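Have a look at my_file_27.txt; it's compact mmCIF, C-alpha atoms and all ligand atoms:
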```txt
# COMPACT_ATOMS: atom_id res chain seq x y z
CA MET A 1 20.05 20.26 22.86
CA ALA A 2 18.57 17.00 24.15
CA ARG A 3 20.75 13.91 24.28
CA VAL A 4 18.73 11.20 22.54
CA VAL A 5 19.48 7.48 22.48
CA VAL A 6 17.68 5.46 19.82
CA ILE A 7 17.48 1.73 20.56
CA GLY A 8 17.43 -0.28 17.33
CA ALA A 9 19.37 -0.16 14.05
CA GLY A 10 16.61 -1.43 11.77
CA VAL A 11 14.92 0.83 9.26
CA VAL A 12 12.73 2.42 11.96
CA GLY A 13 15.52 3.31 14.39
CA LEU A 14 17.86 4.58 11.66
CA SER A 15 15.14 6.76 10.09
CA CYS A 16 14.25 8.22 13.49
CA ALA A 17 17.91 8.98 14.16
CA VAL A 18 18.27 10.78 10.81
CA ARG A 19 15.27 13.01 11.53
CA LEU A 20 16.41 13.76 15.11
CA LEU A 21 19.91 14.68 13.94
CA GLU A 22 18.49 16.83 11.15
CA ALA A 23 16.44 18.65 13.80
CA GLY A 24 19.64 19.43 15.70
CA HIS A 25 19.58 16.82 18.47
CA GLN A 26 22.60 14.86 19.60
CA ALA A 27 21.38 11.36 18.71
CA SER A 28 23.12 8.01 18.94
CA VAL A 29 21.84 4.61 17.90
CA VAL A 30 22.58 1.53 20.00
CA ALA A 31 21.59 -1.95 18.90
CA ARG A 32 22.27 -5.60 19.54
CA ASP A 33 22.16 -6.29 15.78
CA LEU A 34 23.79 -3.85 13.37
CA PRO A 35 21.75 -2.73 10.33
CA LEU A 36 22.63 -5.57 7.96
CA GLU A 37 21.82 -8.18 10.65
CA THR A 38 18.30 -6.93 11.38
CA THR A 39 14.88 -8.06 10.18
CA SER A 40 14.90 -4.89 8.09
CA ALA A 41 17.78 -6.28 6.02
CA THR A 42 15.54 -9.19 4.97
CA ALA A 43 12.66 -7.02 3.73
CA ALA A 44 11.64 -7.16 0.07
CA ALA A 45 11.28 -3.93 0.58
CA LEU A 46 8.36 -2.82 -1.51
CA TRP A 47 6.33 0.17 -0.34
CA TYR A 48 3.06 -1.56 0.57
CA PRO A 49 1.01 -1.29 3.77
CA TYR A 50 0.89 -4.88 5.04
CA ARG A 51 0.05 -6.20 8.50
CA ALA A 52 0.20 -2.80 10.19
CA TYR A 53 -2.64 -0.98 11.94
CA PRO A 54 -4.66 1.19 12.57
CA PHE A 55 -5.67 2.01 9.00
CA GLU A 56 -5.99 5.80 9.45
CA ARG A 57 -2.57 6.36 11.03
CA VAL A 58 -0.91 3.79 8.75
CA THR A 59 -2.29 5.56 5.66
CA GLY A 60 -0.83 8.88 6.83
CA TRP A 61 2.59 7.43 7.71
CA ALA A 62 2.65 5.46 4.45
CA ALA A 63 1.80 8.55 2.36
CA THR A 64 4.62 10.55 3.94
CA THR A 65 7.05 7.68 3.41
CA TYR A 66 5.96 7.22 -0.21
CA ASP A 67 6.82 10.85 -0.98
CA GLU A 68 10.15 10.69 0.82
CA LEU A 69 11.20 7.42 -0.86
CA VAL A 70 10.30 8.87 -4.28
CA ARG A 71 12.48 11.86 -3.41
CA LEU A 72 15.36 9.59 -2.34
CA ALA A 73 15.04 7.56 -5.55
CA ALA A 74 16.44 10.58 -7.44
CA ASP A 75 19.82 9.70 -5.87
CA GLU A 76 20.86 6.21 -6.95
CA ARG A 77 23.30 5.91 -4.02
CA THR A 78 20.29 5.42 -1.72
CA GLY A 79 19.36 2.08 -3.31
CA VAL A 80 15.74 3.25 -3.70
CA ARG A 81 13.99 2.98 -7.07
CA VAL A 82 10.42 3.60 -8.17
CA VAL A 83 9.15 0.47 -9.90
CA PRO A 84 5.82 -0.19 -11.67
CA GLY A 85 3.83 -3.22 -10.64
CA VAL A 86 0.46 -4.76 -9.98
CA GLU A 87 -1.38 -6.21 -7.00
CA VAL A 88 -3.66 -9.00 -8.21
CA PHE A 89 -6.87 -10.50 -6.86
CA ARG A 90 -8.94 -13.62 -7.47
CA ALA A 91 -12.13 -11.54 -7.63
CA PRO A 92 -12.92 -7.92 -8.57
CA THR A 93 -11.90 -5.78 -5.61
CA PRO A 94 -12.62 -2.17 -4.66
CA GLN A 95 -9.77 0.30 -4.21
CA PRO A 96 -7.50 -0.58 -1.29
CA TRP A 97 -8.01 1.24 2.02
CA TRP A 98 -4.64 3.00 1.63
CA ALA A 99 -5.40 4.26 -1.94
CA SER A 100 -5.09 7.93 -0.93
CA ALA A 101 -1.40 7.35 -0.05
CA VAL A 102 -0.35 6.83 -3.69
CA PRO A 103 -0.61 9.47 -6.40
CA ARG A 104 -2.11 7.16 -9.04
CA LEU A 105 -3.80 3.77 -8.98
CA THR A 106 -5.31 2.23 -12.12
CA ARG A 107 -7.13 -1.01 -12.90
CA ALA A 108 -4.63 -3.46 -14.43
CA ASP A 109 -5.17 -4.25 -18.12
CA HIS A 110 -3.67 -7.74 -17.86
CA VAL A 111 -3.49 -10.15 -14.95
CA PRO A 112 -1.93 -13.65 -14.81
CA ASP A 113 -4.06 -16.75 -15.38
CA GLY A 114 -6.17 -17.56 -12.36
CA TYR A 115 -6.63 -13.93 -11.35
CA ALA A 116 -9.68 -11.77 -12.03
CA ALA A 117 -8.47 -8.23 -11.34
CA GLY A 118 -5.57 -6.06 -10.32
CA TRP A 119 -4.55 -2.57 -9.23
CA ALA A 120 -1.48 -1.14 -10.93
CA PHE A 121 0.70 1.54 -9.35
CA ASP A 122 4.29 2.71 -9.18
CA SER A 123 5.89 1.90 -5.86
CA PRO A 124 9.27 2.61 -4.31
CA VAL A 125 11.49 -0.42 -3.69
CA ALA A 126 14.46 -0.08 -1.34
CA GLU A 127 17.34 -2.44 -1.96
CA MET A 128 17.88 -2.94 1.76
CA PRO A 129 21.58 -3.77 1.97
CA VAL A 130 22.30 -0.58 0.01
CA TYR A 131 19.61 1.52 1.70
CA LEU A 132 20.57 0.53 5.28
CA ARG A 133 24.20 1.39 4.53
CA TRP A 134 23.08 4.73 3.10
CA LEU A 135 20.98 5.49 6.20
CA THR A 136 23.94 4.64 8.44
CA ALA A 137 26.24 6.89 6.40
CA ARG A 138 23.66 9.69 6.61
CA ILE A 139 23.61 9.37 10.42
CA GLU A 140 27.39 9.58 10.55
CA GLU A 141 27.43 12.53 8.14
CA LEU A 142 25.06 14.34 10.52
CA GLY A 143 27.37 13.63 13.50
CA GLY A 144 25.53 10.63 14.95
CA THR A 145 26.80 7.14 15.74
CA VAL A 146 25.60 3.54 15.41
CA THR A 147 27.06 1.27 18.11
CA ARG A 148 26.59 -2.41 18.85
CA MET A 149 25.23 -2.87 22.38
CA ALA A 150 22.82 -5.47 23.72
CA LEU A 151 20.73 -3.80 26.41
CA SER A 152 18.80 -5.51 29.19
CA GLY A 153 16.60 -2.49 29.93
CA LEU A 154 15.97 1.10 28.86
CA PRO A 155 19.14 3.19 29.29
CA ASP A 156 18.85 5.98 31.88
CA GLY A 157 21.70 8.28 30.83
CA ALA A 158 19.81 10.12 28.08
CA ASP A 159 17.21 12.91 28.19
CA VAL A 160 15.10 11.02 25.66
CA VAL A 161 15.11 7.33 24.74
CA VAL A 162 13.46 6.26 21.48
CA ASN A 163 12.48 2.60 21.65
CA ALA A 164 12.66 1.36 18.04
CA ALA A 165 13.68 -2.15 19.03
CA GLY A 166 11.10 -4.08 16.98
CA LEU A 167 10.51 -7.40 18.73
CA GLY A 168 12.92 -6.24 21.44
CA ALA A 169 10.05 -4.08 22.73
CA ARG A 170 8.77 -7.20 24.47
CA LEU A 171 11.59 -6.49 26.91
CA PHE A 172 11.87 -2.69 26.84
CA ALA A 173 8.15 -2.01 27.09
CA ASP A 174 7.16 -5.25 28.83
CA ASP A 175 4.77 -5.66 25.91
CA GLY A 176 3.58 -9.21 25.24
CA SER A 177 1.28 -8.03 22.46
CA ILE A 178 4.17 -7.78 20.02
CA VAL A 179 4.74 -11.12 18.28
CA PRO A 180 6.96 -12.46 15.50
CA VAL A 181 5.41 -13.09 12.10
CA ARG A 182 8.01 -15.22 10.41
CA GLY A 183 8.69 -14.42 6.77
CA GLN A 184 10.82 -16.48 4.41
CA VAL A 185 12.05 -15.33 1.00
CA VAL A 186 14.15 -16.83 -1.78
CA LEU A 187 16.64 -14.69 -3.69
CA VAL A 188 16.89 -15.66 -7.36
CA GLU A 189 19.04 -14.30 -10.16
CA GLN A 190 17.85 -11.21 -12.01
CA PHE A 191 16.20 -12.59 -15.14
CA GLY A 192 15.36 -9.26 -16.77
CA LEU A 193 12.41 -8.45 -14.51
CA ASP A 194 11.51 -4.77 -14.23
CA ARG A 195 8.07 -4.90 -12.55
CA TRP A 196 6.95 -6.14 -9.17
CA ALA A 197 3.89 -8.37 -8.65
CA LEU A 198 1.96 -9.12 -5.49
CA ASP A 199 -0.86 -11.37 -4.35
CA ALA A 200 -1.21 -10.32 -0.71
CA SER A 201 -3.41 -13.30 0.11
CA GLY A 202 -0.38 -15.68 0.04
CA PRO A 203 1.45 -13.57 0.58
CA THR A 204 3.09 -14.13 -2.81
CA TYR A 205 5.36 -11.45 -4.24
CA VAL A 206 8.14 -11.01 -6.75
CA VAL A 207 10.23 -7.86 -6.37
CA PRO A 208 13.06 -6.99 -8.79
CA ARG A 209 16.29 -5.42 -7.52
CA SER A 210 19.46 -4.48 -9.42
CA HIS A 211 21.29 -7.83 -9.14
CA ASP A 212 18.62 -10.25 -7.93
CA VAL A 213 14.88 -10.76 -7.44
CA VAL A 214 13.23 -11.25 -4.04
CA VAL A 215 10.59 -13.99 -4.16
CA GLY A 216 8.22 -14.42 -1.25
CA GLY A 217 6.76 -15.33 0.93
CA THR A 218 5.46 -16.81 4.10
CA ASP A 219 3.58 -15.40 7.04
CA GLU A 220 3.69 -17.52 10.21
CA GLU A 221 2.57 -15.82 13.39
CA GLY A 222 4.25 -16.89 16.63
CA ARG A 223 7.12 -18.82 15.04
CA TRP A 224 10.55 -17.68 16.28
CA ASP A 225 13.06 -19.87 14.44
CA ARG A 226 15.07 -18.28 11.64
CA THR A 227 16.31 -21.37 9.82
CA PRO A 228 15.11 -21.46 6.18
CA ASP A 229 12.62 -24.25 5.58
CA ASP A 230 13.16 -26.24 2.33
CA ALA A 231 9.51 -27.23 1.94
CA ALA A 232 8.36 -23.64 2.45
CA ALA A 233 10.88 -22.41 -0.15
CA LYS A 234 9.64 -24.95 -2.70
CA GLU A 235 6.02 -24.06 -2.08
CA LEU A 236 6.53 -20.30 -2.28
CA LEU A 237 8.56 -20.62 -5.49
CA GLU A 238 5.70 -22.62 -7.02
CA ARG A 239 3.17 -19.93 -6.02
CA ALA A 240 5.41 -17.15 -7.31
CA SER A 241 5.97 -18.96 -10.63
CA ARG A 242 2.24 -18.85 -11.26
CA LEU A 243 2.32 -15.10 -10.62
CA VAL A 244 5.50 -14.42 -12.65
CA PRO A 245 6.39 -17.41 -14.88
CA GLY A 246 10.05 -16.35 -15.30
CA VAL A 247 10.65 -17.26 -11.64
CA ARG A 248 10.36 -20.99 -12.49
CA ARG A 249 13.60 -21.05 -14.49
CA ALA A 250 15.60 -18.54 -12.41
CA LYS A 251 18.65 -19.77 -10.54
CA VAL A 252 18.28 -19.72 -6.76
CA LEU A 253 20.94 -17.56 -5.08
CA GLY A 254 19.96 -17.85 -1.42
CA HIS A 255 17.32 -18.04 1.29
CA ARG A 256 16.47 -15.51 4.02
CA VAL A 257 14.18 -15.54 7.04
CA GLY A 258 13.10 -12.56 9.12
CA LEU A 259 10.72 -12.04 12.03
CA ARG A 260 8.26 -9.20 11.41
CA PRO A 261 7.53 -7.27 14.63
CA ALA A 262 3.72 -7.44 14.58
CA ARG A 263 1.34 -5.83 17.05
CA PRO A 264 -2.42 -5.25 16.98
CA LEU A 265 -1.59 -1.51 16.60
CA VAL A 266 1.72 0.20 15.84
CA ARG A 267 2.81 1.87 19.09
CA LEU A 268 4.02 5.44 18.62
CA GLU A 269 3.66 7.50 21.78
CA GLU A 270 5.61 9.23 24.53
CA VAL A 271 5.60 8.01 28.12
CA ALA A 272 7.47 9.09 31.25
CA GLY A 273 10.62 7.01 31.82
CA ALA A 274 11.38 5.42 35.20
CA ALA A 275 14.66 7.39 35.35
CA GLY A 276 12.78 10.72 35.13
CA ASN A 277 13.60 11.01 31.44
CA ARG A 278 11.31 10.79 28.41
CA VAL A 279 10.65 7.60 26.45
CA VAL A 280 9.17 7.58 22.94
CA HIS A 281 7.99 4.14 21.84
CA CYS A 282 8.02 3.44 18.08
CA TYR A 283 7.58 -0.25 17.33
CA GLY A 284 5.21 -2.90 16.03
CA HIS A 285 5.37 -2.07 12.31
CA GLY A 286 4.60 -5.65 11.25
CA GLY A 287 5.07 -6.19 7.52
CA ALA A 288 5.40 -2.50 6.73
CA GLY A 289 8.41 -1.08 8.57
CA VAL A 290 9.96 0.30 5.39
CA THR A 291 6.58 1.58 4.17
CA LEU A 292 5.93 3.54 7.37
CA SER A 293 9.50 4.51 8.28
CA TRP A 294 9.63 8.21 7.34
CA GLY A 295 6.10 8.99 8.47
CA CYS A 296 6.87 7.50 11.87
CA ALA A 297 10.31 9.15 12.05
CA ASP A 298 8.72 12.55 11.42
CA GLU A 299 6.19 11.94 14.19
CA VAL A 300 8.89 10.79 16.62
CA ALA A 301 10.92 13.95 15.88
CA ALA A 302 7.78 16.08 16.42
CA LEU A 303 7.12 14.38 19.79
CA VAL A 304 10.72 14.94 20.91
CA GLY A 305 10.37 18.57 19.84
CA PRO A 306 13.01 21.12 18.86
CA PRO A 307 16.38 21.22 20.66
CA ALA A 308 16.17 23.34 23.83
C1 LIG B 401 10.47 -11.63 4.58
C2 LIG B 401 10.10 -10.21 4.93
C3 LIG B 401 9.70 -9.36 3.91
C4 LIG B 401 9.33 -8.04 4.21
N1 LIG B 401 8.98 -7.21 3.20
C5 LIG B 401 8.62 -5.92 3.49
C6 LIG B 401 8.26 -5.03 2.44
O1 LIG B 401 8.24 -5.40 1.27
N2 LIG B 401 7.93 -3.75 2.78
C7 LIG B 401 7.94 -3.31 4.08
O2 LIG B 401 7.63 -2.15 4.33
N3 LIG B 401 8.27 -4.14 5.09
C8 LIG B 401 8.60 -5.44 4.82
N4 LIG B 401 8.91 -6.31 5.83
C9 LIG B 401 8.74 -5.85 7.23
C10 LIG B 401 9.92 -5.06 7.73
O3 LIG B 401 11.10 -5.79 7.51
C11 LIG B 401 9.75 -4.75 9.21
O4 LIG B 401 8.52 -4.11 9.46
C12 LIG B 401 10.88 -3.83 9.68
O5 LIG B 401 12.12 -4.45 9.41
C13 LIG B 401 10.79 -3.49 11.15
O6 LIG B 401 11.86 -2.62 11.40
P1 LIG B 401 12.32 -2.24 12.86
O7 LIG B 401 13.41 -1.25 12.70
O8 LIG B 401 11.14 -1.90 13.68
O9 LIG B 401 12.86 -3.62 13.48
P2 LIG B 401 14.16 -4.50 13.19
O10 LIG B 401 14.64 -4.38 11.80
O11 LIG B 401 13.83 -5.85 13.70
O12 LIG B 401 15.28 -3.85 14.13
C14 LIG B 401 15.17 -3.95 15.54
C15 LIG B 401 16.46 -3.43 16.14
O13 LIG B 401 16.31 -3.44 17.58
C16 LIG B 401 17.46 -4.04 18.14
N5 LIG B 401 17.24 -4.65 19.45
C17 LIG B 401 16.29 -5.56 19.78
N6 LIG B 401 16.48 -5.96 21.05
C18 LIG B 401 17.57 -5.28 21.52
C19 LIG B 401 18.28 -5.27 22.76
N7 LIG B 401 17.93 -6.04 23.81
N8 LIG B 401 19.35 -4.43 22.90
C20 LIG B 401 19.74 -3.64 21.87
N9 LIG B 401 19.11 -3.64 20.66
C21 LIG B 401 18.05 -4.45 20.50
C22 LIG B 401 17.85 -5.08 17.10
O14 LIG B 401 19.17 -5.55 17.33
C23 LIG B 401 17.69 -4.29 15.81
O15 LIG B 401 18.83 -3.48 15.59
C24 LIG B 401 9.33 -7.60 5.57
C25 LIG B 401 9.74 -8.47 6.57
C26 LIG B 401 10.13 -9.76 6.26
C27 LIG B 401 10.58 -10.68 7.36
```
Turn the structure described in the file into structure tokens.
Ligand SMILES: Cc1cc2nc3c(=O)[nH]c(=O)nc-3n(C[C@H](O)[C@H](O)[C@H](O)COP(=O)(O)OP(=O)(O)OC[C@H]3O[C@@H](n4cnc5c(N)ncnc54)[C@H](O)[C@@H]3O)c2cc1C
Amino acid sequence: MARVVVIGAGVVGLSCAVRLLEAGHQASVVARDLPLETTSATAAALWYPYRAYPFERVTGWAATTYDELVRLAADERTGVRVVPGVEVFRAPTPQPWWASAVPRLTRADHVPDGYAAGWAFDSPVAEMPVYLRWLTARIEELGGTVTRMALSGLPDGADVVVNAAGLGARLFADDGSIVPVRGQVVLVEQFGLDRWALDASGPTYVVPRSHDVVVGGTDEEGRWDRTPDDAAAKELLERASRLVPGVRRAKVLGHRVGLRPARPLVRLEEVAGAAGNRVVHCYGHGGAGVTLSWGCADEVAALVGPPA
């Protein structure tokens, strides 16, 4: 049995830990920020491949994750639900590059004023505060742990280290190609919405959850600060109200900002560690960490291999 340390308690690190524990490894998660304090906790979190590359690998990881999230949606304790919705466009658009990852995609019958076309599909939505708690509980149920620990380098006491540190990979992998893409959202009261809507060009999106609705968004590459910006909130609410008119009258409950860990290509590979151990990098999921989580976790577990 290999002793595996997973760095990072966002959706990527927690999913990897679940798969490693299920495979029989002794896995522990260490992280500076606990699950509800991570970027992952801010995510909308609609299954949708956004700002993550390369297309071929992302489509495969996204397809695996779609199936797993649909399976998890059967248990309401997970916080995952399958929700119908539509992605809209200002001009007729061919099928998206990731179309093979979803079981069914149809041309939308109706689109809001100002739009010319849309693709409708059912998509899993993970209510992140609930889902991250569920993932943590699953780790503990399988005998793993999640511990707060800010690291200044890769730990050397484990046989295998999984680097799922998101932006922290700048330090752990000395990788300057990973950059923040700041995203701001507004939480509004649930006003009876049961469908998501997305215009990825904004990006503008409205995602219903059980007690609130996530309204986004912004997309600012290279900006590190996490203080909500009033002007940005006003502007995104205006955009979202054109997409889903009910947003205009909904009471604002709060504001959230997260830093997407974006990289030209998601990095998922094994390298030799300086301490003679094995290091599996799994970071750079951009705007799609939830969407790719189970596909990447499966691949990480396959790289680590079965327990000796
Ligand atoms: C506004 C917004 C909306 C989004 N919507 C969606 C969506 O609808 N669908 C979707 O799929 N994705 C969405 N995303 C993207 C998604 O949130 C990210 O891709 C995902 O959270 C990345 O997960 P992660 O686990 O890699 O990183 P993170 O969640 O950032 O976790 C990184 C972990 O590494 C730890 N770490 C870092 N440095 C250190 C260190 N030195 N020592 C110890 N631990 C360290 C952190 O503390 C943290 O625990 C959205 C993001 C934002 C900001």
Check: Which chains and residue numbers are within 7 Å of ligand LIG 401 (chain B), counting all atoms listed in the file, if I want them as a VMD selection string?
Finding: chain A and resid 7 to 13 30 to 35 38 to 49 149 to 152 164 to 169 182 to 185 216 to 217 257 to 261 283 to 292
Margin query: Measuring between all atoms listed in the file, which one of A:Asp229, A:Glu141, A:Glu22, A:Asp156 shows the shortest distance to Pro307 (chain A)?
Written below: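 Of A:Asp229, A:Glu141, A:Glu22, A:Asp156, the one nearest Pro307 (chain A) is A:Glu22, counting all atoms listed in the file.
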Give me the region 66-165 of chain A side of the contact with region 266-279 of chain A, cut-off 8 Å, one line per residue showing its nearest atom pair and distance in Å at one decimal, counting only C-alpha atoms, sorted by chain and residue number, as JSON lines.
```
{"residue": "A:Asp156", "atom": "CA", "partner": "A:Ala275", "partner_atom": "CA", "distance": 5.6}
{"residue": "A:Ala158", "atom": "CA", "partner": "A:Asn277", "partner_atom": "CA", "distance": 7.1}
{"residue": "A:Asp159", "atom": "CA", "partner": "A:Asn277", "partner_atom": "CA", "distance": 5.2}
{"residue": "A:Val160", "atom": "CA", "partner": "A:Arg278", "partner_atom": "CA", "distance": 4.7}
{"residue": "A:Val161", "atom": "CA", "partner": "A:Val279", "partner_atom": "CA", "distance": 4.8}
{"residue": "A:Val162", "atom": "CA", "partner": "A:Val279", "partner_atom": "CA", "distance": 5.9}
{"residue": "A:Asn163", "atom": "CA", "partner": "A:Val279", "partner_atom": "CA", "distance": 7.2}
```
Next item on the list: Go ahead and compute the interatomic distance for CA of Thr147 (chain A) and CA of His211 (chain A), in Å to one decimal.
Entry: 29.3 Å
Notebook entry, point to check: What does the distance from CA of Val188 (chain A) to CA of Arg239 (chain A) come to in Å, to one decimal?
Noted result: 14.4 Å
Next item on the list: To one decimal in Å, tell me the separation between CA of Val214 (chain A) and CA of Arg51 (chain A).
Entry: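 Interatomic distance here is 18.9 Å.
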Can you put N, CA and C atoms back into region 52-67 of chain A and show it as a short mmCIF file (atom, residue, chain, number, x, y, z; two decimals), in the coordinates of the input?
```cif
data_model
loop_
_atom_site.label_atom_id
_atom_site.label_comp_id
_atom_site.auth_asym_id
_atom_site.auth_seq_id
_atom_site.Cartn_x
_atom_site.Cartn_y
_atom_site.Cartn_z
N ALA A 52 -0.08 -3.91 9.28
CA ALA A 52 0.20 -2.80 10.19
C ALA A 52 -1.09 -2.01 10.37
N TYR A 53 -1.36 -1.59 11.60
CA TYR A 53 -2.64 -0.98 11.94
C TYR A 53 -2.39 0.12 12.98
N PRO A 54 -3.32 1.09 13.18
CA PRO A 54 -4.66 1.19 12.57
C PRO A 54 -4.62 1.84 11.19
N PHE A 55 -5.64 1.57 10.39
CA PHE A 55 -5.67 2.01 9.00
C PHE A 55 -5.42 3.51 8.84
N GLU A 56 -6.09 4.36 9.67
CA GLU A 56 -5.99 5.80 9.45
C GLU A 56 -4.55 6.29 9.65
N ARG A 57 -3.94 5.88 10.77
CA ARG A 57 -2.57 6.36 11.03
C ARG A 57 -1.60 5.75 10.03
N VAL A 58 -1.81 4.47 9.70
CA VAL A 58 -0.91 3.79 8.75
C VAL A 58 -0.98 4.48 7.39
N THR A 59 -2.17 4.89 6.96
CA THR A 59 -2.29 5.56 5.66
C THR A 59 -1.50 6.87 5.66
N GLY A 60 -1.58 7.62 6.74
CA GLY A 60 -0.83 8.88 6.83
C GLY A 60 0.68 8.65 6.82
N TRP A 61 1.14 7.72 7.66
CA TRP A 61 2.59 7.43 7.71
C TRP A 61 3.07 6.91 6.36
N ALA A 62 2.26 6.06 5.73
CA ALA A 62 2.65 5.46 4.45
C ALA A 62 2.72 6.53 3.35
N ALA A 63 1.80 7.48 3.38
CA ALA A 63 1.80 8.55 2.36
C ALA A 63 3.07 9.40 2.49
N THR A 64 3.41 9.75 3.72
CA THR A 64 4.62 10.55 3.94
C THR A 64 5.85 9.79 3.46
N THR A 65 5.88 8.49 3.78
CA THR A 65 7.05 7.68 3.41
C THR A 65 7.13 7.52 1.89
N TYR A 66 5.97 7.34 1.25
CA TYR A 66 5.96 7.22 -0.21
C TYR A 66 6.66 8.44 -0.83
N ASP A 67 6.25 9.62 -0.40
CA ASP A 67 6.82 10.85 -0.98
C ASP A 67 8.32 10.93 -0.72
#
```
